[in-house]
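J.: Enclosed is the structure file start_27.cif (mmCIF, N, CA and C atoms).
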```cif
data_coords
loop_
_atom_site.label_atom_id
_atom_site.label_comp_id
_atom_site.auth_asym_id
_atom_site.auth_seq_id
_atom_site.Cartn_x
_atom_site.Cartn_y
_atom_site.Cartn_z
N MET S 1 88.59 109.94 126.83
CA MET S 1 90.00 109.60 126.72
C MET S 1 90.79 110.88 126.42
N SER S 2 91.90 111.00 127.05
CA SER S 2 92.76 112.14 126.81
C SER S 2 93.91 111.72 125.91
N ARG S 3 94.21 112.51 124.92
CA ARG S 3 95.24 112.18 123.94
C ARG S 3 96.58 112.78 124.32
N LYS S 4 96.60 113.75 125.22
CA LYS S 4 97.80 114.51 125.48
C LYS S 4 98.31 114.36 126.93
N PRO S 5 98.94 113.22 127.25
CA PRO S 5 99.51 113.12 128.59
C PRO S 5 100.89 113.78 128.65
N TYR S 6 100.99 115.00 128.09
CA TYR S 6 102.30 115.64 127.97
C TYR S 6 102.91 115.97 129.31
N SER S 7 102.11 116.10 130.36
CA SER S 7 102.68 116.38 131.66
C SER S 7 103.56 115.22 132.12
N CYS S 8 103.27 114.00 131.67
CA CYS S 8 104.09 112.84 132.02
C CYS S 8 105.44 112.88 131.30
N PHE S 9 105.45 113.42 130.07
CA PHE S 9 106.64 113.37 129.24
C PHE S 9 107.51 114.61 129.32
N ARG S 10 106.94 115.75 129.69
CA ARG S 10 107.65 117.02 129.57
C ARG S 10 108.92 117.06 130.43
N ARG S 11 108.80 116.81 131.72
CA ARG S 11 109.98 116.90 132.59
C ARG S 11 111.06 115.89 132.24
N PRO S 12 110.73 114.59 132.03
CA PRO S 12 111.80 113.65 131.66
C PRO S 12 112.49 114.02 130.36
N MET S 13 111.74 114.54 129.38
CA MET S 13 112.36 114.91 128.11
C MET S 13 113.29 116.11 128.27
N ILE S 14 112.88 117.10 129.06
CA ILE S 14 113.73 118.27 129.28
C ILE S 14 114.98 117.86 130.04
N ARG S 15 114.82 117.02 131.05
CA ARG S 15 115.99 116.57 131.82
C ARG S 15 116.95 115.76 130.95
N ALA S 16 116.42 114.90 130.11
CA ALA S 16 117.28 114.09 129.24
C ALA S 16 118.02 114.99 128.25
N PHE S 17 117.34 115.98 127.68
CA PHE S 17 117.97 116.88 126.72
C PHE S 17 119.08 117.69 127.39
N VAL S 18 118.80 118.25 128.56
CA VAL S 18 119.81 119.04 129.26
C VAL S 18 120.98 118.15 129.68
N GLY S 19 120.69 116.93 130.13
CA GLY S 19 121.76 116.00 130.52
C GLY S 19 122.66 115.64 129.35
N LEU S 20 122.06 115.36 128.19
CA LEU S 20 122.86 115.05 127.01
C LEU S 20 123.67 116.26 126.54
N LEU S 21 123.10 117.44 126.64
CA LEU S 21 123.82 118.66 126.26
C LEU S 21 125.02 118.89 127.17
N VAL S 22 124.84 118.70 128.47
CA VAL S 22 125.94 118.85 129.43
C VAL S 22 127.01 117.79 129.18
N LEU S 23 126.57 116.55 128.93
CA LEU S 23 127.52 115.47 128.65
C LEU S 23 128.34 115.78 127.40
N TRP S 24 127.69 116.29 126.36
CA TRP S 24 128.42 116.63 125.15
C TRP S 24 129.40 117.77 125.40
N ALA S 25 129.01 118.78 126.18
CA ALA S 25 129.91 119.90 126.50
C ALA S 25 131.12 119.41 127.29
N VAL S 26 130.91 118.51 128.22
CA VAL S 26 132.03 117.95 128.98
C VAL S 26 132.94 117.15 128.06
N MET S 27 132.36 116.35 127.17
CA MET S 27 133.17 115.59 126.22
C MET S 27 133.99 116.51 125.33
N LEU S 28 133.40 117.64 124.94
CA LEU S 28 134.08 118.59 124.07
C LEU S 28 135.31 119.16 124.75
N VAL S 29 135.23 119.38 126.06
CA VAL S 29 136.36 119.93 126.81
C VAL S 29 137.39 118.84 127.13
N VAL S 30 136.93 117.67 127.58
CA VAL S 30 137.83 116.62 128.04
C VAL S 30 138.49 115.89 126.87
N VAL S 31 137.71 115.56 125.84
CA VAL S 31 138.22 114.78 124.71
C VAL S 31 137.97 115.57 123.43
N PRO S 32 138.75 116.61 123.18
CA PRO S 32 138.50 117.36 121.95
C PRO S 32 138.94 116.55 120.73
N GLY S 33 138.26 116.77 119.65
CA GLY S 33 138.62 116.06 118.44
C GLY S 33 137.40 115.69 117.62
N PRO S 34 137.64 114.99 116.51
CA PRO S 34 136.55 114.67 115.60
C PRO S 34 135.53 113.70 116.20
N VAL S 35 135.95 112.84 117.13
CA VAL S 35 135.00 111.89 117.72
C VAL S 35 133.92 112.63 118.50
N THR S 36 134.31 113.66 119.22
CA THR S 36 133.35 114.45 119.99
C THR S 36 132.35 115.13 119.06
N TRP S 37 132.83 115.66 117.95
CA TRP S 37 131.91 116.30 117.01
C TRP S 37 130.99 115.29 116.36
N LEU S 38 131.48 114.08 116.10
CA LEU S 38 130.64 113.03 115.54
C LEU S 38 129.54 112.64 116.53
N VAL S 39 129.91 112.50 117.80
CA VAL S 39 128.91 112.19 118.83
C VAL S 39 127.89 113.33 118.91
N GLY S 40 128.36 114.57 118.83
CA GLY S 40 127.45 115.71 118.86
C GLY S 40 126.48 115.70 117.68
N LEU S 41 126.98 115.37 116.50
CA LEU S 41 126.10 115.29 115.33
C LEU S 41 125.07 114.16 115.45
N LEU S 42 125.51 113.02 116.00
CA LEU S 42 124.57 111.92 116.23
C LEU S 42 123.50 112.31 117.25
N MET S 43 123.91 113.01 118.31
CA MET S 43 122.94 113.48 119.30
C MET S 43 121.98 114.49 118.69
N LEU S 44 122.49 115.37 117.83
CA LEU S 44 121.63 116.35 117.17
C LEU S 44 120.62 115.65 116.25
N GLY S 45 121.07 114.64 115.50
CA GLY S 45 120.17 113.89 114.64
C GLY S 45 119.08 113.17 115.45
N ALA S 46 119.47 112.55 116.56
CA ALA S 46 118.50 111.88 117.42
C ALA S 46 117.52 112.89 118.01
N GLY S 47 118.02 114.06 118.37
CA GLY S 47 117.14 115.11 118.90
C GLY S 47 116.14 115.60 117.86
N LEU S 48 116.59 115.75 116.61
CA LEU S 48 115.67 116.20 115.56
C LEU S 48 114.60 115.15 115.25
N VAL S 49 114.99 113.88 115.25
CA VAL S 49 114.00 112.82 115.04
C VAL S 49 112.98 112.81 116.18
N THR S 50 113.46 112.93 117.41
CA THR S 50 112.57 112.97 118.56
C THR S 50 111.65 114.19 118.49
N LEU S 51 112.19 115.33 118.12
CA LEU S 51 111.38 116.54 118.01
C LEU S 51 110.30 116.39 116.94
N SER S 52 110.63 115.79 115.80
CA SER S 52 109.62 115.60 114.76
C SER S 52 108.52 114.66 115.22
N CYS S 53 108.86 113.62 115.98
CA CYS S 53 107.84 112.71 116.51
C CYS S 53 106.95 113.42 117.53
N VAL S 54 107.54 114.24 118.38
CA VAL S 54 106.75 114.97 119.38
C VAL S 54 105.83 115.97 118.71
N VAL S 55 106.31 116.67 117.68
CA VAL S 55 105.46 117.63 116.97
C VAL S 55 104.31 116.92 116.28
N ALA S 56 104.58 115.79 115.64
CA ALA S 56 103.51 115.02 114.98
C ALA S 56 102.50 114.53 116.00
N TRP S 57 102.96 114.08 117.15
CA TRP S 57 102.06 113.60 118.20
C TRP S 57 101.23 114.75 118.77
N TYR S 58 101.88 115.89 119.00
CA TYR S 58 101.20 117.02 119.63
C TYR S 58 100.19 117.68 118.70
N THR S 59 100.39 117.62 117.40
CA THR S 59 99.48 118.28 116.46
C THR S 59 98.40 117.35 115.92
N THR S 60 98.30 116.13 116.44
CA THR S 60 97.24 115.21 116.06
C THR S 60 96.27 115.09 117.23
N ASP S 61 95.00 115.26 116.94
CA ASP S 61 93.99 115.22 117.99
C ASP S 61 92.79 114.44 117.49
N PHE S 62 92.00 113.93 118.40
CA PHE S 62 90.77 113.26 117.98
C PHE S 62 89.65 113.62 118.92
N VAL S 63 88.43 113.54 118.39
CA VAL S 63 87.22 113.86 119.14
C VAL S 63 86.23 112.73 118.91
N VAL S 64 85.61 112.27 119.98
CA VAL S 64 84.56 111.26 119.87
C VAL S 64 83.25 111.95 120.25
N THR S 65 82.30 111.98 119.31
CA THR S 65 80.98 112.55 119.57
C THR S 65 79.97 111.40 119.63
N THR S 66 78.71 111.73 119.76
CA THR S 66 77.68 110.68 119.80
C THR S 66 77.48 110.05 118.42
N ASP S 67 77.90 110.74 117.35
CA ASP S 67 77.69 110.25 115.98
C ASP S 67 78.94 109.70 115.32
N ARG S 68 80.08 110.33 115.57
CA ARG S 68 81.26 110.02 114.77
C ARG S 68 82.54 110.17 115.56
N LEU S 69 83.61 109.67 114.95
CA LEU S 69 84.97 109.79 115.46
C LEU S 69 85.71 110.69 114.49
N ILE S 70 86.31 111.76 114.99
CA ILE S 70 86.97 112.75 114.14
C ILE S 70 88.45 112.82 114.51
N GLU S 71 89.31 112.71 113.50
CA GLU S 71 90.75 112.86 113.69
C GLU S 71 91.20 114.09 112.93
N ARG S 72 91.97 114.95 113.61
CA ARG S 72 92.53 116.15 112.97
C ARG S 72 94.03 116.13 113.18
N SER S 73 94.77 116.47 112.12
CA SER S 73 96.23 116.51 112.24
C SER S 73 96.78 117.60 111.33
N GLY S 74 97.97 118.08 111.68
CA GLY S 74 98.66 119.06 110.85
C GLY S 74 98.93 120.36 111.57
N ILE S 75 99.90 121.11 111.01
CA ILE S 75 100.23 122.43 111.55
C ILE S 75 99.85 123.49 110.54
N LEU S 76 100.53 123.52 109.41
CA LEU S 76 100.23 124.52 108.38
C LEU S 76 99.07 124.08 107.50
N SER S 77 99.10 122.84 107.06
CA SER S 77 97.95 122.29 106.34
C SER S 77 97.36 121.21 107.22
N THR S 78 96.06 121.20 107.34
CA THR S 78 95.42 120.25 108.25
C THR S 78 94.69 119.16 107.47
N HIS S 79 94.54 118.04 108.12
CA HIS S 79 93.84 116.89 107.53
C HIS S 79 92.82 116.43 108.56
N THR S 80 91.58 116.23 108.13
CA THR S 80 90.51 115.79 109.02
C THR S 80 89.86 114.53 108.44
N THR S 81 89.69 113.52 109.30
CA THR S 81 89.00 112.29 108.91
C THR S 81 87.86 112.06 109.89
N ALA S 82 86.67 111.87 109.38
CA ALA S 82 85.51 111.59 110.23
C ALA S 82 84.95 110.23 109.87
N THR S 83 84.75 109.39 110.88
CA THR S 83 84.18 108.06 110.69
C THR S 83 82.93 107.93 111.53
N PRO S 84 81.79 107.62 110.93
CA PRO S 84 80.57 107.41 111.72
C PRO S 84 80.76 106.22 112.68
N LEU S 85 80.25 106.35 113.89
CA LEU S 85 80.43 105.29 114.88
C LEU S 85 79.76 103.99 114.48
N ASP S 86 78.70 104.06 113.67
CA ASP S 86 78.05 102.81 113.26
C ASP S 86 78.88 102.03 112.24
N ARG S 87 79.94 102.64 111.71
CA ARG S 87 80.83 101.93 110.77
C ARG S 87 82.06 101.34 111.46
N VAL S 88 82.23 101.58 112.75
CA VAL S 88 83.37 101.03 113.48
C VAL S 88 83.07 99.58 113.79
N THR S 89 83.97 98.68 113.33
CA THR S 89 83.76 97.25 113.56
C THR S 89 84.56 96.72 114.74
N SER S 90 85.74 97.29 115.00
CA SER S 90 86.53 96.81 116.14
C SER S 90 87.48 97.89 116.64
N VAL S 91 87.83 97.77 117.90
CA VAL S 91 88.77 98.68 118.55
C VAL S 91 89.84 97.82 119.22
N HIS S 92 91.10 98.07 118.88
CA HIS S 92 92.23 97.34 119.45
C HIS S 92 93.02 98.29 120.34
N VAL S 93 93.37 97.82 121.53
CA VAL S 93 94.20 98.61 122.45
C VAL S 93 95.45 97.81 122.74
N SER S 94 96.61 98.46 122.64
CA SER S 94 97.87 97.78 122.97
C SER S 94 98.75 98.72 123.79
N GLN S 95 99.50 98.12 124.72
CA GLN S 95 100.43 98.87 125.55
C GLN S 95 101.73 98.08 125.67
N ASN S 96 102.85 98.76 125.43
CA ASN S 96 104.13 98.12 125.73
C ASN S 96 104.51 98.47 127.16
N VAL S 97 105.65 98.00 127.61
CA VAL S 97 106.05 98.19 129.01
C VAL S 97 106.20 99.67 129.35
N LEU S 98 106.82 100.44 128.47
CA LEU S 98 107.00 101.87 128.72
C LEU S 98 105.66 102.59 128.77
N GLN S 99 104.75 102.26 127.86
CA GLN S 99 103.44 102.89 127.86
C GLN S 99 102.66 102.52 129.12
N ARG S 100 102.78 101.29 129.59
CA ARG S 100 102.09 100.91 130.83
C ARG S 100 102.61 101.71 132.02
N SER S 101 103.91 101.97 132.05
CA SER S 101 104.47 102.74 133.16
C SER S 101 103.99 104.19 133.14
N PHE S 102 103.70 104.74 131.96
CA PHE S 102 103.17 106.11 131.86
C PHE S 102 101.65 106.15 131.86
N GLY S 103 101.00 105.00 131.83
CA GLY S 103 99.55 104.96 131.83
C GLY S 103 98.92 105.36 130.51
N CYS S 104 99.59 105.03 129.41
CA CYS S 104 99.04 105.35 128.10
C CYS S 104 99.20 104.13 127.19
N GLY S 105 98.62 104.21 126.00
CA GLY S 105 98.71 103.09 125.06
C GLY S 105 98.24 103.51 123.68
N ASP S 106 98.29 102.58 122.75
CA ASP S 106 97.87 102.84 121.37
C ASP S 106 96.47 102.28 121.16
N VAL S 107 95.63 103.04 120.46
CA VAL S 107 94.27 102.61 120.14
C VAL S 107 94.15 102.56 118.62
N VAL S 108 93.74 101.40 118.09
CA VAL S 108 93.55 101.22 116.65
C VAL S 108 92.07 100.95 116.41
N ILE S 109 91.45 101.75 115.54
CA ILE S 109 90.03 101.63 115.25
C ILE S 109 89.87 101.15 113.82
N GLU S 110 89.17 100.03 113.67
CA GLU S 110 88.94 99.42 112.36
C GLU S 110 87.52 99.73 111.90
N PRO S 111 87.37 100.54 110.84
CA PRO S 111 86.02 100.75 110.30
C PRO S 111 85.61 99.60 109.39
N SER S 112 84.35 99.57 109.04
CA SER S 112 83.86 98.50 108.17
C SER S 112 84.45 98.62 106.77
N ALA S 113 84.28 97.58 105.98
CA ALA S 113 84.80 97.57 104.61
C ALA S 113 84.17 98.71 103.81
N GLY S 114 84.95 99.33 102.97
CA GLY S 114 84.47 100.43 102.15
C GLY S 114 84.64 101.78 102.81
N SER S 115 85.06 101.80 104.10
CA SER S 115 85.31 103.07 104.78
C SER S 115 86.71 103.55 104.47
N TRP S 116 87.06 104.71 104.97
CA TRP S 116 88.32 105.36 104.65
C TRP S 116 89.53 104.52 105.01
N GLY S 117 89.57 103.94 106.19
CA GLY S 117 90.72 103.12 106.58
C GLY S 117 90.91 103.11 108.07
N ARG S 118 91.94 102.43 108.47
CA ARG S 118 92.26 102.24 109.88
C ARG S 118 92.72 103.57 110.49
N LEU S 119 92.24 103.85 111.71
CA LEU S 119 92.69 105.03 112.45
C LEU S 119 93.53 104.54 113.62
N THR S 120 94.73 105.09 113.76
CA THR S 120 95.62 104.70 114.84
C THR S 120 95.93 105.94 115.68
N PHE S 121 95.72 105.83 116.97
CA PHE S 121 96.02 106.92 117.90
C PHE S 121 97.09 106.42 118.86
N ASN S 122 98.25 107.06 118.83
CA ASN S 122 99.36 106.67 119.68
C ASN S 122 99.37 107.47 120.96
N SER S 123 99.80 106.82 122.05
CA SER S 123 99.98 107.45 123.35
C SER S 123 98.70 108.08 123.89
N VAL S 124 97.62 107.32 123.87
CA VAL S 124 96.36 107.77 124.45
C VAL S 124 96.42 107.46 125.93
N GLN S 125 96.14 108.46 126.77
CA GLN S 125 96.20 108.25 128.20
C GLN S 125 94.98 107.47 128.67
N GLY S 126 95.20 106.42 129.46
CA GLY S 126 94.14 105.60 130.01
C GLY S 126 93.31 104.89 128.95
N PRO S 127 93.92 104.17 128.00
CA PRO S 127 93.13 103.53 126.95
C PRO S 127 92.32 102.36 127.49
N THR S 128 91.08 102.26 127.04
CA THR S 128 90.21 101.15 127.39
C THR S 128 89.37 100.79 126.17
N ALA S 129 89.27 99.53 125.86
CA ALA S 129 88.47 99.11 124.70
C ALA S 129 87.01 98.99 125.09
#
```
Could you show the structure in this file as structure tokens?
T.:
Amino acid sequence: MSRKPYSCFRRPMIRAFVGLLVLWAVMLVVVPGPVTWLVGLLMLGAGLVTLSCVVAWYTTDFVVTTDRLIERSGILSTHTTATPLDRVTSVHVSQNVLQRSFGCGDVVIEPSAGSWGRLTFNSVQGPTA
């Protein structure tokens, strides 16, 4: 399973960002005033939230070996969780409409009782249980 279908998301995200930036610049010229600046601030806030989600998604990775499932996440400080495969009790796969159109989905792995906890992997390309 591949965790990084970024080639599917890169071009649409760049086009959307450039389109919103051009729209805001046109609004700034055509309708100057506090409303335009408020819209610009809202767009900036939405962009920062989107950027934080993309960074969190891009810096989280997982590896499946013959013995265990390993999740690694973080940029400056990293966090690693390893779960032995014999402790995995169930695997749930879900896809919403947008994820189905991009060919990705969410995979939730439930380890047995007494293990570390549920592992959730978002936007896994080609998920299959």
J.: Have a look at CA of Leu23 in chain S and atom N of Gly103 in chain S and let me know their distance in Å, one decimal.
T.: 28.7 Å
J.: List every residue of range 7-67 of chain S that DSSP, applied to the backbone of this structure, assigns to helix (DSSP H, G or I), and report them as JSON, numbers by chain.
T.: {"S": [7, 8, 9, 10, 11, 12, 13, 14, 15, 16, 17, 18, 19, 20, 21, 22, 23, 24, 25, 26, 27, 28, 29, 30, 34, 35, 36, 37, 38, 39, 40, 41, 42, 43, 44, 45, 46, 47, 48, 49, 50, 51, 52, 53, 54, 55, 56, 57, 58]}
J.: Mind giving me the straight-line distance from atom N of Leu69 in chain S to CA of Leu85 in chain S in Å, one decimal?
T.: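 That distance, rounded to one decimal, is 5.4 Å.
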J.: Excluding Ser123 in chain S and any residue of its chain fewer than 6 positions from it, enumerate the residues within 6 Å of it, using only N, CA and C atoms, and give them as a PyMOL selection string.
T.: chain S and resi 3+104-107
J.: Kindly extract all protein, DNA and RNA residues lying within 8 Å of the coordinates (87.0, 106.6, 111.8) given in the file, considering only C-alpha atoms, and supply them as a PDB file with N, CA and C atoms, in the frame of the given file.
T.:
```
ATOM      1  N   ARG S  68      80.080 110.330 115.570  1.00  0.00           N
ATOM      2  CA  ARG S  68      81.260 110.020 114.770  1.00  0.00           C
ATOM      3  C   ARG S  68      82.540 110.170 115.560  1.00  0.00           C
ATOM      4  N   LEU S  69      83.610 109.670 114.950  1.00  0.00           N
ATOM      5  CA  LEU S  69      84.970 109.790 115.460  1.00  0.00           C
ATOM      6  C   LEU S  69      85.710 110.690 114.490  1.00  0.00           C
ATOM      7  N   ILE S  70      86.310 111.760 114.990  1.00  0.00           N
ATOM      8  CA  ILE S  70      86.970 112.750 114.140  1.00  0.00           C
ATOM      9  C   ILE S  70      88.450 112.820 114.510  1.00  0.00           C
ATOM     10  N   GLU S  71      89.310 112.710 113.500  1.00  0.00           N
ATOM     11  CA  GLU S  71      90.750 112.860 113.690  1.00  0.00           C
ATOM     12  C   GLU S  71      91.200 114.090 112.930  1.00  0.00           C
ATOM     13  N   THR S  81      89.690 113.520 109.300  1.00  0.00           N
ATOM     14  CA  THR S  81      89.000 112.290 108.910  1.00  0.00           C
ATOM     15  C   THR S  81      87.860 112.060 109.890  1.00  0.00           C
ATOM     16  N   ALA S  82      86.670 111.870 109.380  1.00  0.00           N
ATOM     17  CA  ALA S  82      85.510 111.590 110.230  1.00  0.00           C
ATOM     18  C   ALA S  82      84.950 110.230 109.870  1.00  0.00           C
ATOM     19  N   THR S  83      84.750 109.390 110.880  1.00  0.00           N
ATOM     20  CA  THR S  83      84.180 108.060 110.690  1.00  0.00           C
ATOM     21  C   THR S  83      82.930 107.930 111.530  1.00  0.00           C
ATOM     22  N   PRO S  84      81.790 107.620 110.930  1.00  0.00           N
ATOM     23  CA  PRO S  84      80.570 107.410 111.720  1.00  0.00           C
ATOM     24  C   PRO S  84      80.760 106.220 112.680  1.00  0.00           C
ATOM     25  N   LEU S  85      80.250 106.350 113.890  1.00  0.00           N
ATOM     26  CA  LEU S  85      80.430 105.290 114.880  1.00  0.00           C
ATOM     27  C   LEU S  85      79.760 103.990 114.480  1.00  0.00           C
ATOM     28  N   ARG S  87      79.940 102.640 111.710  1.00  0.00           N
ATOM     29  CA  ARG S  87      80.830 101.930 110.770  1.00  0.00           C
ATOM     30  C   ARG S  87      82.060 101.340 111.460  1.00  0.00           C
ATOM     31  N   VAL S  88      82.230 101.580 112.750  1.00  0.00           N
ATOM     32  CA  VAL S  88      83.370 101.030 113.480  1.00  0.00           C
ATOM     33  C   VAL S  88      83.070  99.580 113.790  1.00  0.00           C
ATOM     34  N   ILE S 109      91.450 101.750 115.540  1.00  0.00           N
ATOM     35  CA  ILE S 109      90.030 101.630 115.250  1.00  0.00           C
ATOM     36  C   ILE S 109      89.870 101.150 113.820  1.00  0.00           C
ATOM     37  N   GLU S 110      89.170 100.030 113.670  1.00  0.00           N
ATOM     38  CA  GLU S 110      88.940  99.420 112.360  1.00  0.00           C
ATOM     39  C   GLU S 110      87.520  99.730 111.900  1.00  0.00           C
ATOM     40  N   PRO S 111      87.370 100.540 110.840  1.00  0.00           N
ATOM     41  CA  PRO S 111      86.020 100.750 110.300  1.00  0.00           C
ATOM     42  C   PRO S 111      85.610  99.600 109.390  1.00  0.00           C
ATOM     43  N   TRP S 116      87.060 104.710 104.970  1.00  0.00           N
ATOM     44  CA  TRP S 116      88.320 105.360 104.650  1.00  0.00           C
ATOM     45  C   TRP S 116      89.530 104.520 105.010  1.00  0.00           C
ATOM     46  N   GLY S 117      89.570 103.940 106.190  1.00  0.00           N
ATOM     47  CA  GLY S 117      90.720 103.120 106.580  1.00  0.00           C
ATOM     48  C   GLY S 117      90.910 103.110 108.070  1.00  0.00           C
ATOM     49  N   ARG S 118      91.940 102.430 108.470  1.00  0.00           N
ATOM     50  CA  ARG S 118      92.260 102.240 109.880  1.00  0.00           C
ATOM     51  C   ARG S 118      92.720 103.570 110.490  1.00  0.00           C
ATOM     52  N   LEU S 119      92.240 103.850 111.710  1.00  0.00           N
ATOM     53  CA  LEU S 119      92.690 105.030 112.450  1.00  0.00           C
ATOM     54  C   LEU S 119      93.530 104.540 113.620  1.00  0.00           C
TER      55      LEU S 119
END
```
J.: Please determine, counting only C-alpha atoms, which residue among S:Phe17, S:Leu51, S:Phe62, S:Ser101 has the shortest atom-to-atom distance to Thr80 in chain S.
T.: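 Nearest to Thr80 in chain S: S:Phe62.
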J.: Would you compute the distance between CA of Phe102 in chain S and atom N of Ile75 in chain S? Give it in Å to one decimal.
T.: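 So the two atoms, CA of Phe102 in chain S and atom N of Ile75 in chain S, lie 25.9 Å apart.
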J.: From the set S:Gly126, S:Val18, S:Phe121, S:Leu41, which residue has the shortest atom-to-atom contact distance to Arg72 in chain S, counting only C-alpha atoms?
T.: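 Using only C-alpha atoms, the shortest distance to Arg72 in chain S belongs to S:Phe121.
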J.: Step one, run DSSP on the backbone; step two, keep only residues of range 36-120 of chain S assigned to strand (DSSP E or B); then write them as a PyMOL selection string.
T.: chain S and resi 60-64+68-73+79-84+88-94+104-111+119-120
J.: Would you mind telling me which residue in S:Ser73, S:Asn122, S:Ser52, S:Thr78 lies nearest to Gln95 in chain S when using only C-alpha atoms?
T.: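 Among the listed residues, S:Asn122 lies closest to Gln95 in chain S.
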J.: Of the residues S:Ala25, S:Leu44, S:Ala56, S:Val108, which is the one nearest to His92 in chain S, using all atoms listed in the file?
T.: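 Closest residue, counting all atoms listed in the file: S:Val108.
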